[in-house]
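**Student:** As input, take protein_1.cif (mmCIF, C-alpha atoms):
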data_query
loop_
_atom_site.label_atom_id
_atom_site.label_comp_id
_atom_site.auth_asym_id
_atom_site.auth_seq_id
_atom_site.Cartn_x
_atom_site.Cartn_y
_atom_site.Cartn_z
CA MET I 629 0.00 0.00 0.00
CA SER I 630 1.10 3.54 -0.65
CA ASP I 631 1.10 6.15 2.12
CA ARG I 632 -1.84 7.83 0.41
CA HIS I 633 -3.81 4.57 0.41
CA VAL I 634 -3.12 3.96 4.10
CA THR I 635 -4.10 7.55 4.95
CA ALA I 636 -7.40 7.12 3.10
CA LEU I 637 -8.15 3.89 4.97
CA VAL I 638 -7.44 5.59 8.31
CA ARG I 639 -9.61 8.56 7.35
CA ASP I 640 -12.64 6.41 6.56
CA GLY I 641 -12.18 4.21 9.63
CA THR I 642 -11.17 1.02 7.84
CA LEU I 643 -7.87 1.13 9.72
CA VAL I 644 -6.98 2.68 13.08
CA ARG I 645 -3.45 3.90 13.73
CA ILE I 646 -2.11 2.64 17.05
CA ARG I 647 1.40 4.02 16.71
CA ARG I 648 3.60 5.16 13.89
CA GLY I 649 3.66 2.38 11.30
CA GLN I 650 1.25 0.20 13.32
CA TYR I 651 -2.38 -0.22 12.36
CA VAL I 652 -5.33 -2.41 13.30
CA ASP I 653 -8.59 -3.27 11.58
CA GLY I 654 -11.07 -0.49 12.40
CA GLU I 655 -14.05 -2.75 13.10
CA ALA I 656 -11.98 -4.90 15.45
CA TRP I 657 -10.67 -1.81 17.26
CA ARG I 658 -14.14 -0.40 17.84
CA SER I 659 -15.25 -3.69 19.41
CA LEU I 660 -12.47 -3.64 22.02
CA SER I 661 -12.66 -2.44 25.61
CA ARG I 662 -10.37 0.32 26.86
CA ALA I 663 -8.20 -2.31 28.52
CA ASP I 664 -7.85 -4.36 25.33
CA ARG I 665 -6.97 -1.25 23.34
CA HIS I 666 -4.22 -0.58 25.86
CA ARG I 667 -2.99 -4.14 25.40
CA LEU I 668 -2.59 -3.47 21.68
CA LEU I 669 -0.71 -0.24 22.42
CA THR I 670 1.61 -2.11 24.82
CA ARG I 671 2.34 -4.76 22.22
CA GLY I 672 3.02 -2.07 19.64
CA VAL I 673 5.52 -0.48 22.03
CA MET I 674 7.18 -3.82 22.77
CA LEU I 675 7.74 -4.43 19.05
CA THR I 676 10.06 -1.43 18.86
CA ALA I 677 11.47 -1.47 22.41
CA HIS I 678 14.79 -2.72 23.71
CA PRO I 679 14.77 -6.56 24.05
CA GLY I 680 15.03 -6.27 27.85
CA THR I 681 11.85 -4.20 28.14
CA THR I 682 9.06 -5.32 30.50
CA ALA I 683 5.49 -4.04 30.79
CA THR I 684 5.06 -2.47 34.24
CA HIS I 685 2.77 -0.15 36.23
CA VAL I 686 -0.63 0.29 34.50
CA SER I 687 0.38 -1.89 31.56
CA ALA I 688 1.25 -4.78 33.88
CA ALA I 689 -1.92 -4.31 35.94
CA ILE I 690 -4.03 -4.71 32.82
CA GLU I 691 -2.21 -7.88 31.82
CA TRP I 692 -2.95 -9.22 35.33
CA GLY I 693 -6.63 -8.45 34.77
CA ALA I 694 -6.87 -5.86 37.53
CA PRO I 695 -9.56 -3.15 37.43
CA VAL I 696 -8.07 0.19 36.39
CA TRP I 697 -10.77 2.68 37.31
CA ASP I 698 -10.17 6.23 36.04
CA LEU I 699 -6.54 5.62 35.06
CA SER I 700 -5.26 6.96 31.76
CA LEU I 701 -4.78 4.11 29.30
CA ASP I 702 -3.38 6.25 26.49
CA VAL I 703 0.21 5.66 27.58
CA ALA I 704 2.10 2.35 27.84
CA HIS I 705 4.42 1.90 30.84
CA THR I 706 7.60 -0.16 30.65
CA THR I 707 10.85 -0.71 32.56
CA ARG I 708 14.10 -2.07 31.17
CA ARG I 709 15.77 -4.94 32.96
CA ASP I 710 19.19 -3.33 32.54
CA GLY I 711 18.09 -0.35 34.67
CA ARG I 712 18.30 2.20 31.89
CA ALA I 713 15.44 4.44 30.88
CA GLY I 714 14.62 5.77 27.45
CA ARG I 715 13.07 9.03 26.35
CA ARG I 716 9.47 9.67 27.39
CA ARG I 717 7.04 9.85 24.48
CA ASP I 718 3.40 10.84 24.10
CA ASP I 719 2.22 7.23 24.20
CA TRP I 720 5.07 5.57 26.11
CA ILE I 721 6.72 6.12 29.51
CA GLN I 722 9.99 4.25 30.04
CA HIS I 723 10.62 4.08 33.78
CA CYS I 724 14.09 3.89 35.28
CA GLY I 725 15.17 1.54 38.05
CA ALA I 726 16.47 -1.97 38.56
CA LEU I 727 14.25 -4.81 37.37
CA PRO I 728 15.95 -8.16 38.09
CA ALA I 729 14.81 -11.34 36.36
CA GLU I 730 13.02 -12.65 39.48
CA ASP I 731 10.67 -9.64 39.37
CA VAL I 732 9.51 -10.51 35.84
CA THR I 733 7.02 -13.11 34.65
CA VAL I 734 5.14 -13.73 31.41
CA ARG I 735 1.45 -12.93 31.03
CA ASN I 736 -0.46 -13.28 27.77
CA GLY I 737 2.79 -13.76 25.88
CA ILE I 738 4.68 -10.65 27.06
CA PRO I 739 7.00 -10.01 30.03
CA VAL I 740 5.36 -8.13 32.90
CA SER I 741 6.35 -7.20 36.44
CA ILE I 742 5.18 -9.65 39.09
CA ALA I 743 1.88 -8.74 40.77
CA ALA I 744 3.31 -7.68 44.16
CA ARG I 745 5.72 -5.28 42.46
CA THR I 746 2.89 -4.03 40.22
CA CYS I 747 0.96 -3.08 43.38
CA VAL I 748 3.81 -0.84 44.49
CA GLU I 749 4.38 0.55 40.99
CA ILE I 750 0.77 1.69 40.75
CA THR I 751 1.02 3.65 44.02
CA THR I 752 3.89 5.71 42.57
CA ILE I 753 1.94 7.04 39.58
CA THR I 754 -1.55 7.78 40.93
CA ASP I 755 -3.44 8.62 44.11
CA VAL I 756 -4.56 6.38 46.96
CA GLU I 757 -8.12 5.79 45.73
CA ARG I 758 -7.15 4.73 42.22
CA SER I 759 -4.26 2.65 43.56
CA LEU I 760 -6.57 0.90 45.99
CA VAL I 761 -8.88 -0.21 43.18
CA VAL I 762 -5.96 -1.90 41.39
CA VAL I 763 -4.36 -3.39 44.50
CA ASN I 764 -7.63 -4.84 45.84
CA GLY I 765 -8.28 -6.34 42.42
CA LEU I 766 -4.89 -8.07 42.39
CA LEU I 767 -5.33 -9.30 45.96
CA HIS I 768 -8.86 -10.58 45.40
CA SER I 769 -7.87 -12.47 42.24
CA GLY I 770 -5.06 -14.22 44.12
CA ALA I 771 -2.38 -12.77 41.84
CA THR I 772 -0.52 -11.74 44.99
CA SER I 773 -1.03 -11.61 48.76
CA GLU I 774 -1.06 -8.93 51.42
CA GLN I 775 2.22 -10.28 52.81
CA GLU I 776 3.90 -10.16 49.40
CA PHE I 777 2.65 -6.63 48.88
CA ALA I 778 3.86 -5.66 52.37
CA ASP I 779 7.31 -7.12 51.68
CA TRP I 780 7.53 -5.21 48.43
CA ALA I 781 6.30 -2.00 50.03
CA LYS I 782 9.08 -2.29 52.61
CA SER I 783 11.77 -2.90 49.99
CA ALA I 784 10.51 0.03 47.87
CA ARG I 785 10.16 2.57 50.68
CA TYR I 786 12.84 4.80 49.12
CA TRP I 787 11.37 4.75 45.64
CA PRO I 788 10.42 8.17 44.25
CA HIS I 789 6.72 9.07 44.73
CA SER I 790 6.10 6.12 47.08
CA LEU I 791 4.66 8.09 50.02
CA ALA I 792 1.15 6.72 49.36
CA THR I 793 2.28 3.08 49.31
CA GLY I 794 2.02 2.59 53.07
CA LEU I 795 -1.50 4.01 53.24
CA VAL I 796 -2.67 1.79 50.40
CA LEU I 797 -1.17 -1.17 52.26
CA ARG I 798 -3.15 -0.27 55.42
CA LEU I 799 -6.43 0.16 53.52
CA CYS I 800 -6.27 -2.77 51.09
CA ASP I 801 -8.45 -5.83 51.65
CA PRO I 802 -8.55 -9.00 49.50
CA ARG I 803 -12.21 -9.57 50.36
CA ILE I 804 -13.28 -6.55 48.31
CA GLU I 805 -14.55 -7.73 44.93
CA SER I 806 -15.01 -4.74 42.63
CA ALA I 807 -13.82 -1.26 41.79
CA GLY I 808 -17.03 0.25 43.17
CA GLU I 809 -16.60 -1.56 46.48
CA SER I 810 -12.99 -0.40 46.70
CA ARG I 811 -14.10 3.16 46.16
CA PHE I 812 -16.79 2.90 48.85
CA HIS I 813 -14.27 1.43 51.29
CA TYR I 814 -11.94 4.36 50.57
CA PHE I 815 -14.87 6.78 50.89
CA CYS I 816 -15.56 5.55 54.43
CA TRP I 817 -11.94 6.11 55.43
CA ARG I 818 -11.76 9.51 53.74
CA ARG I 819 -14.97 10.71 55.42
CA HIS I 820 -13.98 9.39 58.87
CA LEU I 821 -16.83 6.88 58.99
CA PRO I 822 -16.48 3.60 60.92
CA ARG I 823 -14.68 0.99 58.87
CA PRO I 824 -17.26 -1.51 57.53
CA THR I 825 -16.63 -5.25 57.26
CA PRO I 826 -16.60 -6.52 53.66
CA GLN I 827 -18.47 -9.62 52.44
CA VAL I 828 -20.49 -10.49 55.54
CA THR I 829 -22.41 -13.76 55.26
CA VAL I 830 -25.99 -14.14 56.50
CA TYR I 831 -27.65 -17.46 57.37
CA ASP I 832 -31.27 -18.40 58.06
CA GLU I 833 -32.69 -20.17 61.12
CA HIS I 834 -31.61 -23.54 59.75
CA GLY I 835 -28.02 -22.51 59.09
CA HIS I 836 -28.51 -22.21 55.34
CA LEU I 837 -26.62 -19.45 53.58
CA VAL I 838 -28.98 -16.70 52.47
CA GLY I 839 -26.36 -14.49 50.92
CA ARG I 840 -23.45 -12.15 51.38
CA VAL I 841 -23.72 -8.41 51.74
CA ASP I 842 -21.04 -6.16 50.28
CA PHE I 843 -20.37 -4.39 53.60
CA ALA I 844 -21.85 -4.32 57.06
CA TRP I 845 -21.59 -2.29 60.24
CA GLU I 846 -22.80 -5.15 62.42
CA ASP I 847 -22.69 -3.11 65.65
CA PHE I 848 -25.02 -0.56 64.08
CA GLY I 849 -27.26 -3.05 62.28
CA VAL I 850 -26.60 -1.52 58.85
CA PHE I 851 -25.42 -3.20 55.64
CA VAL I 852 -24.43 -1.82 52.27
CA GLU I 853 -25.06 -3.14 48.79
CA PHE I 854 -23.10 -1.47 46.01
CA ASP I 855 -25.18 -1.28 42.84
CA GLY I 856 -22.92 -1.28 39.82
CA LYS I 857 -23.27 -2.64 36.31
CA GLU I 858 -21.06 -5.61 37.20
CA LYS I 859 -23.60 -6.93 39.71
CA TYR I 860 -26.36 -6.98 37.10
CA THR I 861 -24.25 -9.02 34.68
CA LYS I 862 -22.20 -11.22 37.02
CA TYR I 863 -25.04 -12.51 39.23
CA ARG I 864 -27.89 -12.88 36.75
CA ARG I 865 -28.83 -16.49 36.13
CA GLU I 866 -28.88 -17.96 32.65
CA GLY I 867 -32.06 -16.91 30.88
CA GLU I 868 -33.09 -14.57 33.69
CA THR I 869 -34.48 -11.20 32.61
CA LEU I 870 -33.40 -7.99 34.29
CA ASP I 871 -36.83 -7.60 35.91
CA GLU I 872 -36.63 -11.15 37.30
CA PHE I 873 -33.15 -10.49 38.66
CA LEU I 874 -34.22 -7.23 40.31
CA LEU I 875 -37.19 -8.96 41.94
CA ARG I 876 -34.98 -11.78 43.23
CA GLU I 877 -32.47 -9.24 44.56
CA LYS I 878 -35.28 -7.34 46.31
CA GLN I 879 -36.54 -10.54 47.93
CA ARG I 880 -33.02 -11.43 49.08
CA GLU I 881 -32.59 -8.00 50.65
CA GLU I 882 -35.95 -8.23 52.44
CA LEU I 883 -35.10 -11.69 53.81
CA ILE I 884 -31.72 -10.45 55.11
CA CYS I 885 -33.45 -7.55 56.85
CA GLN I 886 -36.00 -9.91 58.42
CA LEU I 887 -33.35 -12.36 59.64
CA THR I 888 -30.95 -9.76 61.04
CA GLY I 889 -33.08 -6.74 61.89
CA TRP I 890 -30.61 -4.65 59.89
CA VAL I 891 -31.39 -1.88 57.41
CA CYS I 892 -29.87 -1.61 53.94
CA ILE I 893 -28.11 1.26 52.20
CA ARG I 894 -27.77 0.96 48.44
CA VAL I 895 -24.87 2.92 46.99
CA THR I 896 -24.27 3.66 43.30
CA TRP I 897 -21.51 5.23 41.25
CA ALA I 898 -23.61 8.40 41.13
CA ASP I 899 -23.67 8.50 44.96
CA LEU I 900 -19.86 8.32 45.05
CA ALA I 901 -19.78 11.31 42.71
CA ALA I 902 -21.52 13.33 45.46
CA PRO I 903 -19.47 12.25 48.51
CA ASP I 904 -20.54 15.08 50.84
CA LEU I 905 -24.22 14.22 50.45
CA LEU I 906 -23.58 10.49 50.77
CA ALA I 907 -21.46 10.97 53.89
CA ARG I 908 -24.19 13.02 55.58
CA ARG I 909 -26.80 10.37 54.84
CA VAL I 910 -24.65 7.46 56.00
CA ARG I 911 -23.54 9.25 59.16
CA LYS I 912 -27.12 10.22 60.02
CA LEU I 913 -28.28 6.61 59.68
CA LEU I 914 -25.39 5.23 61.74
CA GLU I 915 -25.95 7.79 64.49
CA SER I 916 -29.66 6.91 64.62
CA ARG I 917 -28.73 3.27 65.21
CA ARG I 918 -25.74 3.81 67.47
CA PRO I 919 -25.46 1.02 70.07
CA ARG I 920 -26.55 1.97 73.57
CA GLY I 921 -23.71 3.24 75.72
CA ALA I 922 -21.47 3.87 72.69
#
Turn the structure described in the file into structure tokens.
**Tutor:**
Amino acid sequence: MSDRHVTALVRDGTLVRIRRGQYVDGEAWRSLSRADRHRLLTRGVMLTAHPGTTATHVSAAIEWGAPVWDLSLDVAHTTRRDGRAGRRRDDWIQHCGALPAEDVTVRNGIPVSIAARTCVEITTITDVERSLVVVNGLLHSGATSEQEFADWAKSARYWPHSLATGLVLRLCDPRIESAGESRFHYFCWRRHLPRPTPQVTVYDEHGHLVGRVDFAWEDFGVFVEFDGKEKYTKYRREGETLDEFLLREKQREELICQLTGWVCIRVTWADLAAPDLLARRVRKLLESRRPRGA
């Protein structure tokens, strides 16, 4: 193809330019998620990078399957195993620092930093809330453990921009299952609310499991269900309509309230976008149900 032909195909959407000299079928590109588009960018970078280059930071987190809420995915992140760093580009950040062979593994056919190191790397490029979403995702999936993360946090305490690492370590919890739940957990800490317990199980009079609630303040008799899109896709039964799922969810909530005497708060992404209002409502409910003598 001539340059003019390629330009015409890009203009009409038949091709999409990922990087200079690298193109992908336009229809395939438009069907991809943000994470999968970043994977293509990372692979494009790796094709032209030094042979000792490893995907790290956000690029490694995506290969591990971690949630990457509100992180920029327009730039690939890599680190060279020889400790050298290249020039920063618009779509590629080459980090400096030692990266020994034992800190590298292969995921989806490319070298990436091990999950515990990825946890620390994330905390050096974004804030606590966004870091917590990634770290909880890696912990919950079993890609790494709290102890491994703690060991890495200790070894990386002198890394540049690592001041938030210790706080993320204190707040992280492998029981938390989604980005929305991680954000709510952070919200409670940020707004000085009591720390809720994640994934509390509820049983009926015969000892049969009724369900798990996302969070609970058991001393106050309050539980939280986070309503995100993931819940409506992950927990719907095969062939079940949305209306049938919502009815079943409502019946489950009512049964939990009857068995425990608790009340339910439902929190959405929109609620987290108005944290002052949400904090007032949650605090008012908790204060109204404060245990006697507390």
**Student:** What is the distance between CA of Ala689 in chain I and CA of Val748 in chain I, in Å to one decimal?
**Tutor:**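 Taking CA of Ala689 in chain I and CA of Val748 in chain I, their separation equals 10.9 Å.
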**Student:** Using only C-alpha atoms, can you tell me which of I:Asp698, I:Gly839, I:Ile690, I:Asp855 comes closest to Glu882 in chain I?
**Tutor:**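 Closest to Glu882 in chain I of all the choices is I:Gly839.
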**Student:** With only C-alpha atoms as the counted atoms, please give the residues lying no more than 10 Å from Arg819 in chain I, apart from itself and same-chain residues fewer than 6 positions off, as a PyMOL selection string.
**Tutor:** chain I and resi 903-904+906-908+911
**Student:** Skip range 820-826 of chain I itself and residues of its chain fewer than 4 positions away, then list as number ranges by chain all residues within 6 Å of it, counting only C-alpha atoms.
**Tutor:** I: 816, 842-845
**Student:** Write out the residues from the selection above, keeping C-alpha atoms, as an mmCIF file, keeping the file's coordinate frame.
**Tutor:**
data_model
loop_
_atom_site.group_PDB
_atom_site.id
_atom_site.type_symbol
_atom_site.label_atom_id
_atom_site.label_comp_id
_atom_site.auth_asym_id
_atom_site.auth_seq_id
_atom_site.Cartn_x
_atom_site.Cartn_y
_atom_site.Cartn_z
ATOM 1 C CA CYS I 816 -15.560 5.550 54.430
ATOM 2 C CA ASP I 842 -21.040 -6.160 50.280
ATOM 3 C CA PHE I 843 -20.370 -4.390 53.600
ATOM 4 C CA ALA I 844 -21.850 -4.320 57.060
ATOM 5 C CA TRP I 845 -21.590 -2.290 60.240
#
**Student:** Could you list, as a list in words, every residue within 8 Å of range 672-682 of chain I, counting all atoms listed in the file and ignoring same-chain residues fewer than 6 positions away?
**Tutor:** Ile646, Arg647, Gln650, Ala704, Thr706, Thr707, Arg708, Arg709, Asp710, Trp720, Val732, Ile738, Pro739, Val740 and Ser741 of chain I
**Student:** With the file shown as input, list the residues that the PyMOL selection byres ((chain I and resi 757) around 8) selects, as a PyMOL selection string.
**Tutor:** chain I and resi 755-756+758-761+810-811+814
**Student:** Report as a PyMOL selection string the residues that result from applying the PyMOL selection byres ((chain I and resi 782) around 12) to the structure here.
**Tutor:** chain I and resi 744-745+748+775-781+783-787+790-791+793-794+797
**Student:** When you look at Gly711 in chain I with a cut-off of 7 Å (counting only C-alpha atoms), what residues show up, excluding the ones that are within fewer than 3 positions of it in the same chain? I need them as an mmCIF file with C-alpha atoms, in the frame of the given file.
**Tutor:**
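Dumped everything to part-v9.cif:
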data_model
loop_
_atom_site.group_PDB
_atom_site.id
_atom_site.type_symbol
_atom_site.label_atom_id
_atom_site.label_comp_id
_atom_site.auth_asym_id
_atom_site.auth_seq_id
_atom_site.Cartn_x
_atom_site.Cartn_y
_atom_site.Cartn_z
ATOM 1 C CA ARG I 708 14.100 -2.070 31.170
ATOM 2 C CA CYS I 724 14.090 3.890 35.280
ATOM 3 C CA GLY I 725 15.170 1.540 38.050
ATOM 4 C CA ALA I 726 16.470 -1.970 38.560
ATOM 5 C CA LEU I 727 14.250 -4.810 37.370
#
